[in-house]
Structure formats: structure tokens, C-alpha cells
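So this one's upload.txt, compact mmCIF, C-alpha atoms:
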```
# COMPACT_ATOMS: atom_id res chain seq x y z
CA MET A 24 80.16 98.11 65.05
CA ALA A 25 80.49 101.13 67.34
CA GLU A 26 83.98 101.77 68.66
CA ILE A 27 84.47 100.96 72.34
CA SER A 28 85.67 104.02 74.25
CA GLN A 29 87.90 104.55 77.26
CA LEU A 30 85.04 106.32 79.02
CA GLN A 31 82.80 103.28 78.63
CA VAL A 32 85.42 101.01 80.16
CA GLU A 33 86.15 103.37 83.06
CA THR A 34 82.44 103.84 83.74
CA ALA A 35 81.97 100.08 83.88
CA LEU A 36 84.95 99.62 86.18
CA LYS A 37 83.64 102.30 88.54
CA GLU A 38 80.68 100.06 89.33
CA VAL A 39 82.96 97.77 91.35
CA ILE A 40 83.74 99.07 94.86
CA ASP A 41 86.83 97.58 96.44
CA PRO A 42 85.84 96.66 100.03
CA TYR A 43 89.36 97.28 101.39
CA LEU A 44 89.92 100.63 99.71
CA GLU A 45 86.22 101.54 100.16
CA GLN A 46 86.13 103.15 96.74
CA ASP A 47 86.18 102.13 93.10
CA LEU A 48 89.51 101.29 91.51
CA VAL A 49 89.42 104.14 89.00
CA THR A 50 89.06 106.71 91.77
CA ALA A 51 91.72 104.86 93.78
CA LYS A 52 94.07 105.14 90.76
CA ALA A 53 94.59 101.39 90.79
CA ILE A 54 93.79 101.01 87.06
CA LYS A 55 97.23 101.21 85.46
CA GLY A 56 96.40 100.25 81.91
CA ILE A 57 93.46 99.83 79.55
CA THR A 58 94.03 98.35 76.10
CA ILE A 59 91.21 98.30 73.55
CA ASP A 60 91.82 96.09 70.52
CA GLY A 61 88.68 95.94 68.40
CA ASP A 62 86.12 94.01 70.49
CA THR A 63 88.73 92.90 73.08
CA VAL A 64 89.49 94.89 76.23
CA SER A 65 92.43 94.27 78.56
CA VAL A 66 92.68 95.91 81.98
CA GLU A 67 95.72 96.04 84.25
CA VAL A 68 95.04 96.56 87.96
CA VAL A 69 97.78 97.23 90.53
CA LEU A 70 96.52 97.33 94.11
CA GLY A 71 98.33 99.12 96.90
CA TYR A 72 97.76 96.24 99.32
CA PRO A 73 98.47 92.48 99.22
CA ALA A 74 95.41 90.60 98.02
CA LYS A 75 96.36 87.05 97.11
CA GLY A 76 93.22 85.64 98.70
CA VAL A 77 90.77 87.85 96.80
CA LYS A 78 92.44 88.96 93.58
CA ASP A 79 90.87 86.25 91.40
CA ALA A 80 87.38 87.13 92.63
CA LEU A 81 88.07 90.84 92.06
CA ALA A 82 89.35 90.17 88.55
CA GLY A 83 86.19 88.19 87.84
CA ARG A 84 83.92 91.01 88.99
CA LEU A 85 85.79 93.54 86.84
CA ARG A 86 85.76 91.19 83.85
CA ASP A 87 81.99 90.77 84.10
CA LYS A 88 81.49 94.54 84.11
CA VAL A 89 83.66 95.01 81.03
CA LEU A 90 81.92 92.17 79.18
CA ALA A 91 78.59 93.89 79.82
CA ILE A 92 79.67 96.83 77.61
CA LYS A 93 77.96 96.72 74.23
CA GLY A 94 80.34 95.47 71.56
CA VAL A 95 82.87 93.83 73.91
CA LYS A 96 83.38 90.17 73.02
CA ALA A 97 86.40 89.39 75.23
CA ALA A 98 87.84 90.90 78.39
CA HIS A 99 91.13 90.20 80.14
CA VAL A 100 91.85 91.52 83.63
CA THR A 101 95.09 91.12 85.56
CA VAL A 102 95.31 92.03 89.25
CA ASP A 103 98.67 92.51 90.97
CA SER A 104 99.86 94.32 94.09
CA ARG A 105 102.63 96.78 94.76
CA ILE A 106 103.24 98.11 98.26
CA VAL A 107 104.74 101.59 98.49
CA THR A 108 106.20 103.60 101.36
CA HIS A 109 103.71 105.80 103.21
CA ASN A 110 104.32 109.05 105.02
CA VAL A 111 105.34 108.96 108.69
CA GLN A 112 106.19 111.46 111.44
CA LYS A 113 108.39 114.35 110.34
CA GLY A 114 112.04 114.30 111.29
CA VAL A 115 112.21 110.56 111.99
CA LYS A 116 114.91 108.53 110.22
CA PRO A 117 113.68 105.71 107.98
CA ILE A 118 114.60 102.11 108.75
CA PRO A 119 116.69 100.59 105.93
CA GLY A 120 114.88 97.70 104.26
CA VAL A 121 111.46 98.60 105.70
CA LYS A 122 108.70 100.35 103.77
CA ASN A 123 105.98 100.55 106.43
CA ILE A 124 105.79 99.95 110.18
CA ILE A 125 102.52 98.87 111.79
CA ALA A 126 102.39 99.13 115.59
CA VAL A 127 100.05 96.69 117.33
CA ALA A 128 99.12 98.05 120.74
CA SER A 129 96.75 97.60 123.65
CA GLY A 130 95.98 99.68 126.70
CA LYS A 131 96.29 96.71 129.04
CA GLY A 132 97.71 93.21 129.15
CA GLY A 133 95.77 90.01 128.74
CA VAL A 134 93.79 90.98 125.64
CA GLY A 135 95.68 88.70 123.24
CA LYS A 136 97.68 91.45 121.55
CA SER A 137 100.82 89.38 120.88
CA THR A 138 98.80 86.48 119.49
CA THR A 139 96.93 88.92 117.28
CA ALA A 140 100.16 90.60 116.14
CA VAL A 141 101.87 87.38 115.05
CA ASN A 142 98.79 86.08 113.25
CA LEU A 143 98.31 89.41 111.47
CA ALA A 144 101.95 89.36 110.35
CA LEU A 145 101.49 85.83 109.03
CA ALA A 146 98.21 86.82 107.38
CA LEU A 147 99.88 89.72 105.54
CA SER A 148 102.55 87.30 104.40
CA ALA A 149 99.92 84.80 103.24
CA GLU A 150 98.35 87.60 101.19
CA GLY A 151 101.63 88.05 99.33
CA ALA A 152 103.57 90.74 101.22
CA GLN A 153 107.13 90.63 102.53
CA VAL A 154 106.67 90.89 106.29
CA GLY A 155 108.73 91.10 109.46
CA ILE A 156 107.79 91.17 113.13
CA LEU A 157 109.62 92.97 115.93
CA ASP A 158 108.90 91.92 119.50
CA ALA A 159 109.08 95.25 121.34
CA ASP A 160 108.09 93.79 124.71
CA ILE A 161 111.56 93.79 126.28
CA TYR A 162 110.33 92.68 129.71
CA GLY A 163 108.09 89.88 128.46
CA PRO A 164 109.09 88.74 124.96
CA SER A 165 106.76 86.08 123.59
CA GLN A 166 107.29 86.00 119.83
CA PRO A 167 110.13 83.40 119.81
CA ARG A 168 107.86 80.84 121.48
CA MET A 169 104.87 81.78 119.31
CA LEU A 170 106.98 81.42 116.17
CA GLY A 171 108.50 78.15 117.35
CA SER A 172 112.06 79.43 117.03
CA ARG A 173 114.91 79.59 119.52
CA ALA A 174 117.66 80.35 117.00
CA LYS A 175 120.32 82.91 117.87
CA PRO A 176 120.56 85.78 115.38
CA GLU A 177 123.64 85.64 113.16
CA SER A 178 125.82 88.60 112.17
CA LYS A 179 127.58 88.60 108.81
CA ASP A 180 129.53 91.81 109.36
CA GLY A 181 129.95 91.83 113.15
CA ARG A 182 127.77 94.94 113.45
CA ARG A 183 124.24 94.12 112.39
CA MET A 184 122.11 91.09 113.20
CA GLU A 185 120.30 89.00 110.62
CA PRO A 186 116.58 88.59 111.36
CA VAL A 187 115.52 85.11 112.44
CA PRO A 188 113.33 83.47 109.74
CA SER A 189 110.17 81.62 110.69
CA TYR A 190 107.15 80.77 108.51
CA HIS A 191 108.35 83.23 105.82
CA LEU A 192 108.52 86.04 108.41
CA GLN A 193 111.67 87.95 109.36
CA SER A 194 111.63 88.27 113.15
CA MET A 195 113.65 89.86 115.92
CA SER A 196 113.18 89.75 119.69
CA ILE A 197 115.25 90.19 122.83
CA GLY A 198 114.00 86.68 123.51
CA TYR A 199 116.43 85.35 120.90
CA LEU A 200 119.36 86.84 122.82
CA ILE A 201 118.60 85.73 126.39
CA ASP A 202 117.41 82.60 128.14
CA GLU A 203 113.63 82.28 128.18
CA GLU A 204 113.49 82.37 132.00
CA THR A 205 115.94 85.28 132.45
CA PRO A 206 114.17 88.37 133.83
CA MET A 207 115.00 91.75 132.28
CA ILE A 208 115.64 93.88 135.36
CA TRP A 209 116.28 97.11 133.46
CA ARG A 210 115.29 100.72 133.94
CA GLY A 211 113.46 102.66 131.25
CA PRO A 212 116.48 104.15 129.39
CA MET A 213 118.06 100.70 128.98
CA VAL A 214 114.80 99.28 127.66
CA THR A 215 114.31 102.02 125.07
CA GLN A 216 117.95 101.71 123.96
CA ALA A 217 117.48 97.96 123.53
CA LEU A 218 114.39 98.58 121.41
CA GLU A 219 116.24 100.99 119.14
CA GLN A 220 119.11 98.55 118.73
CA LEU A 221 116.80 95.65 117.91
CA LEU A 222 115.05 97.79 115.34
CA ARG A 223 117.95 99.61 113.69
CA ASP A 224 120.71 97.00 114.09
CA THR A 225 118.69 94.28 112.39
CA ASN A 226 119.36 93.75 108.69
CA TRP A 227 115.73 93.77 107.53
CA GLN A 228 115.41 92.68 103.90
CA ASP A 229 112.94 94.47 101.59
CA LEU A 230 109.97 94.42 103.95
CA ASP A 231 106.63 95.76 102.81
CA TYR A 232 105.45 95.75 106.43
CA LEU A 233 107.18 95.45 109.78
CA VAL A 234 104.68 94.57 112.50
CA VAL A 235 105.78 95.83 115.92
CA ASP A 236 104.29 93.96 118.85
CA LEU A 237 104.24 96.60 121.59
CA PRO A 238 104.07 95.92 125.33
CA PRO A 239 100.78 96.89 126.99
CA GLY A 240 100.25 100.41 128.28
CA THR A 241 101.49 103.85 127.32
CA GLY A 242 105.00 103.96 128.75
CA ASP A 243 108.63 104.43 127.66
CA ILE A 244 108.51 102.01 124.73
CA GLN A 245 105.46 103.67 123.21
CA LEU A 246 106.97 107.14 123.65
CA THR A 247 110.24 106.04 122.03
CA LEU A 248 108.29 104.53 119.15
CA ALA A 249 106.45 107.79 118.59
CA GLN A 250 109.55 110.00 118.78
CA LYS A 251 112.21 107.94 117.04
CA VAL A 252 110.58 105.24 114.90
CA PRO A 253 108.87 105.94 111.54
CA VAL A 254 105.48 104.42 112.31
CA THR A 255 102.99 104.31 109.43
CA GLY A 256 99.99 103.54 111.60
CA ALA A 257 98.79 101.83 114.76
CA VAL A 258 96.26 99.07 115.40
CA ILE A 259 94.53 98.89 118.79
CA VAL A 260 93.59 95.46 120.17
CA THR A 261 90.91 95.29 122.84
CA THR A 262 88.32 92.95 124.29
CA PRO A 263 84.63 93.83 124.67
CA GLN A 264 84.48 94.38 128.44
CA ASP A 265 84.43 97.90 129.82
CA ILE A 266 87.75 97.80 131.72
CA ALA A 267 89.67 96.74 128.59
CA LEU A 268 87.93 99.39 126.50
CA LEU A 269 88.79 102.07 129.07
CA ASP A 270 92.51 101.26 128.73
CA ALA A 271 92.25 100.87 124.95
CA ARG A 272 90.91 104.43 124.76
CA LYS A 273 94.04 105.66 126.55
CA GLY A 274 96.19 103.89 123.99
CA LEU A 275 94.23 105.38 121.11
CA LYS A 276 94.47 108.90 122.56
CA MET A 277 98.21 108.48 123.07
CA PHE A 278 98.71 107.79 119.34
CA GLU A 279 96.51 110.76 118.50
CA LYS A 280 98.65 113.04 120.69
CA VAL A 281 101.89 111.94 119.02
CA GLU A 282 100.26 112.24 115.58
CA ILE A 283 100.51 108.59 114.59
CA PRO A 284 97.35 107.62 112.67
CA VAL A 285 95.24 104.88 114.18
CA ILE A 286 94.35 102.45 111.40
CA GLY A 287 91.57 100.85 113.39
CA ILE A 288 90.43 98.66 116.25
CA ILE A 289 90.36 94.87 116.53
CA GLU A 290 88.04 93.28 119.06
CA ASN A 291 89.63 90.07 120.35
CA MET A 292 87.78 87.41 122.34
CA SER A 293 84.58 88.80 120.88
CA THR A 294 82.63 85.56 121.22
CA HIS A 295 83.42 82.28 122.93
CA ILE A 296 83.22 79.18 120.75
CA CYS A 297 82.61 75.97 122.71
CA SER A 298 85.16 73.34 121.71
CA GLN A 299 82.59 70.58 122.31
CA CYS A 300 79.43 71.80 120.60
CA GLY A 301 80.47 74.90 118.65
CA HIS A 302 77.98 77.15 120.49
CA GLU A 303 78.95 80.86 120.48
CA GLU A 304 78.20 83.38 123.21
CA HIS A 305 79.41 86.85 124.20
CA ILE A 306 80.88 86.06 127.61
CA PHE A 307 82.82 89.36 127.79
CA GLY A 308 80.02 91.55 126.46
CA ALA A 309 79.14 92.50 122.92
CA GLY A 310 79.91 95.34 120.53
CA GLY A 311 82.36 97.27 122.70
CA GLY A 312 85.06 97.52 120.04
CA LEU A 313 82.60 98.66 117.39
CA LYS A 314 81.16 101.34 119.69
CA MET A 315 84.65 102.59 120.50
CA ALA A 316 85.52 102.76 116.80
CA GLU A 317 82.37 104.77 116.11
CA GLN A 318 83.02 107.06 119.09
CA TYR A 319 86.53 107.95 117.89
CA ASP A 320 85.77 107.84 114.16
CA VAL A 321 88.27 105.08 113.34
CA ASP A 322 87.74 101.86 111.44
CA PHE A 323 86.48 98.71 113.12
CA LEU A 324 88.78 96.16 111.53
CA GLY A 325 87.07 93.02 112.74
CA ALA A 326 86.29 90.68 115.62
CA LEU A 327 88.14 87.53 116.63
CA PRO A 328 86.66 84.69 118.68
CA LEU A 329 87.86 83.32 122.01
CA ASP A 330 88.79 79.89 120.73
CA LEU A 331 90.90 77.21 122.39
CA ARG A 332 92.74 76.52 119.13
CA ILE A 333 94.20 80.03 118.94
CA ARG A 334 95.84 79.64 122.36
CA ALA A 335 96.95 76.05 121.71
CA ASP A 336 98.42 76.89 118.30
CA THR A 337 100.58 79.75 119.58
CA ASP A 338 101.73 77.72 122.59
CA ASP A 339 102.84 75.02 120.15
CA GLY A 340 104.81 77.54 118.07
CA ARG A 341 102.47 77.23 115.07
CA PRO A 342 100.09 80.23 115.06
CA THR A 343 96.64 79.54 113.65
CA VAL A 344 97.27 81.18 110.27
CA VAL A 345 99.93 78.53 109.55
CA ALA A 346 98.48 75.67 111.64
CA ASP A 347 95.11 75.77 109.86
CA PRO A 348 95.48 78.12 106.87
CA GLU A 349 92.12 77.25 105.31
CA GLY A 350 90.19 77.35 108.58
CA ARG A 351 87.64 79.95 109.59
CA ILE A 352 89.90 81.70 112.13
CA ALA A 353 92.80 82.03 109.69
CA GLN A 354 90.42 83.54 107.14
CA ILE A 355 89.28 86.12 109.72
CA TYR A 356 92.91 87.11 110.34
CA ARG A 357 93.50 87.42 106.58
CA GLU A 358 90.37 89.53 106.16
CA ILE A 359 91.53 91.88 108.93
CA ALA A 360 95.04 91.99 107.43
CA ARG A 361 93.62 93.06 104.05
CA ARG A 362 91.58 95.77 105.76
CA ILE A 363 94.65 97.11 107.56
CA ALA A 364 96.72 97.13 104.38
CA GLY A 365 93.84 98.60 102.38
CA ARG A 366 93.42 101.47 104.82
CA LEU A 367 97.15 102.15 104.64
CA ALA A 368 96.96 102.13 100.85
CA VAL A 369 94.58 105.08 100.78
CA MET A 370 96.71 107.15 103.13
CA LYS A 371 98.98 109.76 101.57
CA LYS A 372 101.81 107.89 99.88
CA ASP A 373 105.38 108.58 98.92
CA PHE A 374 105.36 108.09 95.16
CA SER A 375 109.05 108.81 94.70
CA ALA A 376 109.43 105.48 92.88
CA GLY A 377 106.44 106.40 90.78
CA PHE A 378 103.84 104.58 88.78
CA PRO A 379 103.29 105.39 85.13
CA ASN A 380 100.09 107.21 84.35
CA ILE A 381 97.21 105.10 83.12
CA VAL A 382 97.90 103.89 79.58
CA ILE A 383 95.06 103.78 77.09
CA GLN A 384 95.70 101.99 73.83
CA ASN A 385 93.33 101.57 70.90
CA THR A 386 94.76 99.22 68.33
```
Could you rewrite the structure in this file as C-alpha cells?
Amino acid sequence: MAEISQLQVETALKEVIDPYLEQDLVTAKAIKGITIDGDTVSVEVVLGYPAKGVKDALAGRLRDKVLAIKGVKAAHVTVDSRIVTHNVQKGVKPIPGVKNIIAVASGKGGVGKSTTAVNLALALSAEGAQVGILDADIYGPSQPRMLGSRAKPESKDGRRMEPVPSYHLQSMSIGYLIDEETPMIWRGPMVTQALEQLLRDTNWQDLDYLVVDLPPGTGDIQLTLAQKVPVTGAVIVTTPQDIALLDARKGLKMFEKVEIPVIGIIENMSTHICSQCGHEEHIFGAGGGLKMAEQYDVDFLGALPLDLRIRADTDDGRPTVVADPEGRIAQIYREIARRIAGRLAVMKKDFSAGFPNIVIQNT
């Protein structure tokens, strides 16, 4: 029997393209170990993004490719994830307990950005990551209601606040500190100082991702985020109609100017789904988000429907990803979350913690 070689195994593995990394796992350096023991091959895969919902299917595809090698009688594939810290703006202090910060932004209000942000945070958590969410909309905080929590943050040392837990997320919002109906009549400097305090005076615990729900527009909060917060990347939320896309372009260009990479664009309210008959139609236009992504050479991360359940779920304090985790809409959020995390995984990383080089063993 001919001896099975490392090259044969790597060549077989290269036939599987990871849809979230958009490359094969050998090229992506996600193959961390190959063990060849006679006619049995074992492969260890460590992805740079959370993939609980797809890892079994991926392992199956890789196993089939290895079993197709002449002489291989058994194949074992394990797929795990490890999230590392990615590079951010130079000269910005890191946030203790946070590996990566994802800013969710929109050029204008009313496009469902906050609903999208909380469901994406929950989707990343459902995929296996440790996730937090920061409500950066000081004037109009909405995350406490969406997360169904009105708890006051505790402080164990009298200096830093503990994040408020909800649905396995760590959360912080000015909304936890004031009455829901109290208006924030503050000038810009007070608002930006409040944002910095909420971010840096919260005792975040080992987060892979902190999702920051930004207020609409391109004002003081966004500028503070760019200058003082280590942002890994930004996601732009828009709707298909022209006026929303016009403002979304301004948001995208703002991130470009401050050298924060734009991970991609999400088109919300892409189609309307009738709650009575299930009929879908493009009441706000079609394809605007995709065209914008192509125009600015960024990824189109996905499209979300205008569905009554999404609004009702967040109003009830149970966002759709937790209210109906196996439903179609929750699966769309999880797919988009994997794409966001996958795109981050192929950005330049900080490997200070290090992975061992690929280990090949013939026994």
C-alpha cells in the first residue's frame, strides 16, 4: 500500500472553499494539525470566526475529501474556533477585556440599525463567541428595552461598573442609569465623555466582540469613536431606497476618512413579508445595498426582510434571534454574523498569543 503523504491531504483539503473566509482552509492557515497513521488521517481545524451553526457541515465536507484519497480508510476532522485580536487605529488605547470592536452605523435614523445591532450581537453569541453590546446612542438609548432588562449596573470596587447580562450578552447603556423617559439635554462634549466612560469604565469580561450600536449620522459620537476607541471594523446598515443610500454613503466615506475598515453593508427592510399570506415584495426598491457595496468595493453582507415579527420581538424585549432561534429570520442574522466575523478573520491579525505551526505526524 502506497504511503499517504502530507501533500495529498493538503491538496484534498484545498478543494473546500470556506464561504466566510472566501478561500480554502490551507491558504487561510486554519489547518493546525494533520496526523497520518497508516490508512487513518486526522485533521485539526481552528477557524478564526465563531461557526457553531456550520462547523459540523464543514467537517463533513473536509472528511469526504480526505476519504477520497487513495489508500485512506478512515478520516477524522475536528473543527473549533479561536478569536484573536485584530489590528486597529494606531495610537488608540485598547479596552481591557475586549478583543475586537464592531461599530454598527447608519447614515440616517429609521433604518432599523439598533434592531440589527442587537440581533447581530445575539447571533455572534449563538455561533459560540463571547459578545457584548454597547449602546452608544446617548440621546436615544434603546438597547435596555430591546434586551428586556432594566437592571441597574453594579460596581464591585466603587470605580468600574459591571456589564448588565441579558441573553448571554454583556451590555451597557446610558439607559440603565436614567429613567426611560428622561431626556438627555447635553451638549456634544458631555455626550462624548459619557460614551468614553460607558466604554472604559465597564468591566467587560473576555469579549471576543463588542458590538457598538452607534447613533445615526456622522457627528460627535462617531468622531470620538474614530479618534479614541480601538475599532476593528464598521458595518453600515441601510434600506434600499435612494434617500437612505445617500446617507449611508456619507457614513461609509466617514469611516474611510478616519481609516476604520468597513466590513460590509447590510440591507435592512429589503423585502416586505405579508403576515397574512407570506407574499414578498420590494416596497422600498430593490438591490440598492448590493449596488452600493459594488460601487465602493466592500462586501454585501446580506439582506433582511421587513417583517412584523422583528419589530414585535424587540418591543417585547426578546429579539428574534432568541425569540425564534430556529426560524428563517434568525438564520439570516446568524449567516450575516458569520460573514462579518469571517471577514474580520482574514484581516491582518495580532498573533502575539500565537498558534503553533501546522503539525504533521506520520506514525
Checklist entry - What is the distance, in Å and to one decimal place, between CA of Ala249 (chain A) and CA of Leu192 (chain A)? => result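 Spanning CA of Ala249 (chain A) to CA of Leu192 (chain A) is a straight-line distance of 24.1 Å.
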Item to check | Interatomic distance (Å, one decimal) between CA of Gly83 (chain A) and CA of Asp62 (chain A) | outcome: 18.3 Å
Next on the checklist: Rounded to one decimal, what separation in Å do you get between CA of Ala98 (chain A) and CA of Arg84 (chain A)?
Outcome noted: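 That distance, rounded to one decimal, is 11.3 Å.
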Checklist entry - Excluding same-chain residues fewer than 5 positions from region 174-190 of chain A, what lies within 8 Å of it counting only C-alpha atoms, as a ChimeraX atom specification? => result /A:145,195,199-200,224-227,345
Checklist entry - Which residues, written as a PyMOL selection string, have at least one atom at most 12 Å from Asp320 (chain A), with all atoms listed in the file counted and residues fewer than 2 positions away on the same chain left out? => result chain A and resi 275+279+284-288+312-318+322-323
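The closest residue to Arg168 (chain A), picked from A:Arg86, A:Lys52, A:Arg341, A:Lys96 and counting only C-alpha atoms, is A:Arg341.
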Val66 (chain A) environment, 7 Å, all atoms listed in the file, sequence neighbours closer than 4 positions dropped, as a PDB file with C-alpha atoms, keeping the file's coordinate frame:
```pdb
ATOM      1  CA  GLY A  56      96.400 100.250  81.910  1.00  0.00           C
ATOM      2  CA  ILE A  57      93.460  99.830  79.550  1.00  0.00           C
ATOM      3  CA  THR A  58      94.030  98.350  76.100  1.00  0.00           C
ATOM      4  CA  HIS A  99      91.130  90.200  80.140  1.00  0.00           C
ATOM      5  CA  VAL A 100      91.850  91.520  83.630  1.00  0.00           C
ATOM      6  CA  THR A 101      95.090  91.120  85.560  1.00  0.00           C
TER       7      THR A 101
END
```
Distance table requested - region 111-213 of chain A against region 351-375 of chain A, cut-off 10 Å, only C-alpha atoms: one row per qualifying residue with the closest atom pair and its distance in Å to one decimal, ordered by chain and rising residue number, as JSON lines.
```
{"residue": "A:Val111", "atom": "CA", "partner": "A:Lys372", "partner_atom": "CA", "distance": 9.6}
{"residue": "A:Asn123", "atom": "CA", "partner": "A:Leu367", "partner_atom": "CA", "distance": 9.2}
{"residue": "A:Ile125", "atom": "CA", "partner": "A:Ile363", "partner_atom": "CA", "distance": 9.1}
{"residue": "A:Thr139", "atom": "CA", "partner": "A:Tyr356", "partner_atom": "CA", "distance": 8.2}
{"residue": "A:Ala140", "atom": "CA", "partner": "A:Tyr356", "partner_atom": "CA", "distance": 9.9}
{"residue": "A:Asn142", "atom": "CA", "partner": "A:Tyr356", "partner_atom": "CA", "distance": 6.6}
{"residue": "A:Leu143", "atom": "CA", "partner": "A:Ala360", "partner_atom": "CA", "distance": 5.8}
{"residue": "A:Ala144", "atom": "CA", "partner": "A:Ala360", "partner_atom": "CA", "distance": 7.9}
{"residue": "A:Leu145", "atom": "CA", "partner": "A:Arg357", "partner_atom": "CA", "distance": 8.5}
{"residue": "A:Ala146", "atom": "CA", "partner": "A:Arg357", "partner_atom": "CA", "distance": 4.8}
{"residue": "A:Leu147", "atom": "CA", "partner": "A:Ala360", "partner_atom": "CA", "distance": 5.7}
{"residue": "A:Ser148", "atom": "CA", "partner": "A:Arg357", "partner_atom": "CA", "distance": 9.3}
{"residue": "A:Ala149", "atom": "CA", "partner": "A:Arg357", "partner_atom": "CA", "distance": 7.7}
{"residue": "A:Glu150", "atom": "CA", "partner": "A:Arg357", "partner_atom": "CA", "distance": 7.3}
{"residue": "A:Ala152", "atom": "CA", "partner": "A:Ala364", "partner_atom": "CA", "distance": 9.9}
```
Checklist outcome for this item: Using only C-alpha atoms, the residue out of A:Ser129, A:Thr50, A:Thr63, A:Gln228 with shortest distance to Arg272 (chain A) is A:Ser129
Item to check | Nearby residues (only C-alpha atoms) at most 8 Å from Val89 (chain A), same-chain spacing under 3 positions excluded, as a PyMOL selection string | outcome: chain A and resi 32+35-36+64+85-86+92+95+98
Item to check | Selected residue of minimal separation from Gly171 (chain A) among A:Gln250, A:Thr255, A:Thr205, A:Thr337, counting only C-alpha atoms | outcome: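 Closest to Gly171 (chain A) of all the choices is A:Thr337.
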Next on the checklist: List as a list of chain:residue names the residues having at least one atom at most 9 Å from position (100.3, 95.5, 118.7) as given in the file, counting all atoms listed in the file.
Outcome noted: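 Residues lying no farther than 9 Å from the given point: A:Ile125, A:Ala126, A:Val127, A:Ala128, A:Ser129, A:Lys136, A:Ser137, A:Thr139, A:Ala140, A:Val234, A:Val235, A:Asp236, A:Leu237, A:Pro238, A:Pro239, A:Ala257, A:Val258, A:Ile259, A:Val260.
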As an mmCIF file, in the coordinates of the input, please: region 73-85 of chain A completed to N, CA, C and O atoms.
```
data_model
loop_
_atom_site.group_PDB
_atom_site.id
_atom_site.type_symbol
_atom_site.label_atom_id
_atom_site.label_comp_id
_atom_site.auth_asym_id
_atom_site.auth_seq_id
_atom_site.Cartn_x
_atom_site.Cartn_y
_atom_site.Cartn_z
ATOM 1 N N PRO A 73 98.387 93.878 99.637
ATOM 2 C CA PRO A 73 98.470 92.480 99.220
ATOM 3 C C PRO A 73 97.088 91.846 99.221
ATOM 4 O O PRO A 73 96.318 92.035 100.158
ATOM 5 N N ALA A 74 96.779 91.081 98.172
ATOM 6 C CA ALA A 74 95.410 90.600 98.020
ATOM 7 C C ALA A 74 95.353 89.220 97.377
ATOM 8 O O ALA A 74 94.457 88.926 96.594
ATOM 9 N N LYS A 75 96.293 88.364 97.728
ATOM 10 C CA LYS A 75 96.360 87.050 97.110
ATOM 11 C C LYS A 75 95.058 86.264 97.281
ATOM 12 O O LYS A 75 94.644 85.535 96.382
ATOM 13 N N GLY A 76 94.419 86.418 98.420
ATOM 14 C CA GLY A 76 93.220 85.640 98.700
ATOM 15 C C GLY A 76 91.972 86.101 97.980
ATOM 16 O O GLY A 76 90.983 85.371 97.949
ATOM 17 N N VAL A 77 91.992 87.316 97.419
ATOM 18 C CA VAL A 77 90.770 87.850 96.800
ATOM 19 C C VAL A 77 90.972 88.346 95.376
ATOM 20 O O VAL A 77 90.008 88.764 94.729
ATOM 21 N N LYS A 78 92.198 88.319 94.871
ATOM 22 C CA LYS A 78 92.440 88.960 93.580
ATOM 23 C C LYS A 78 91.725 88.266 92.426
ATOM 24 O O LYS A 78 91.287 88.929 91.472
ATOM 25 N N ASP A 79 91.576 86.945 92.480
ATOM 26 C CA ASP A 79 90.870 86.250 91.400
ATOM 27 C C ASP A 79 89.395 86.632 91.373
ATOM 28 O O ASP A 79 88.817 86.848 90.301
ATOM 29 N N ALA A 80 88.789 86.732 92.563
ATOM 30 C CA ALA A 80 87.380 87.130 92.630
ATOM 31 C C ALA A 80 87.204 88.568 92.148
ATOM 32 O O ALA A 80 86.242 88.880 91.437
ATOM 33 N N LEU A 81 88.141 89.448 92.508
ATOM 34 C CA LEU A 81 88.070 90.840 92.060
ATOM 35 C C LEU A 81 88.222 90.919 90.548
ATOM 36 O O LEU A 81 87.475 91.649 89.874
ATOM 37 N N ALA A 82 89.164 90.175 90.002
ATOM 38 C CA ALA A 82 89.350 90.170 88.550
ATOM 39 C C ALA A 82 88.090 89.686 87.844
ATOM 40 O O ALA A 82 87.693 90.231 86.802
ATOM 41 N N GLY A 83 87.423 88.695 88.423
ATOM 42 C CA GLY A 83 86.190 88.190 87.840
ATOM 43 C C GLY A 83 85.072 89.216 87.828
ATOM 44 O O GLY A 83 84.341 89.341 86.838
ATOM 45 N N ARG A 84 84.954 89.966 88.919
ATOM 46 C CA ARG A 84 83.920 91.010 88.990
ATOM 47 C C ARG A 84 84.174 92.105 87.953
ATOM 48 O O ARG A 84 83.246 92.560 87.276
ATOM 49 N N LEU A 85 85.435 92.501 87.825
ATOM 50 C CA LEU A 85 85.790 93.540 86.840
ATOM 51 C C LEU A 85 85.571 93.023 85.416
ATOM 52 O O LEU A 85 85.066 93.751 84.553
#
```
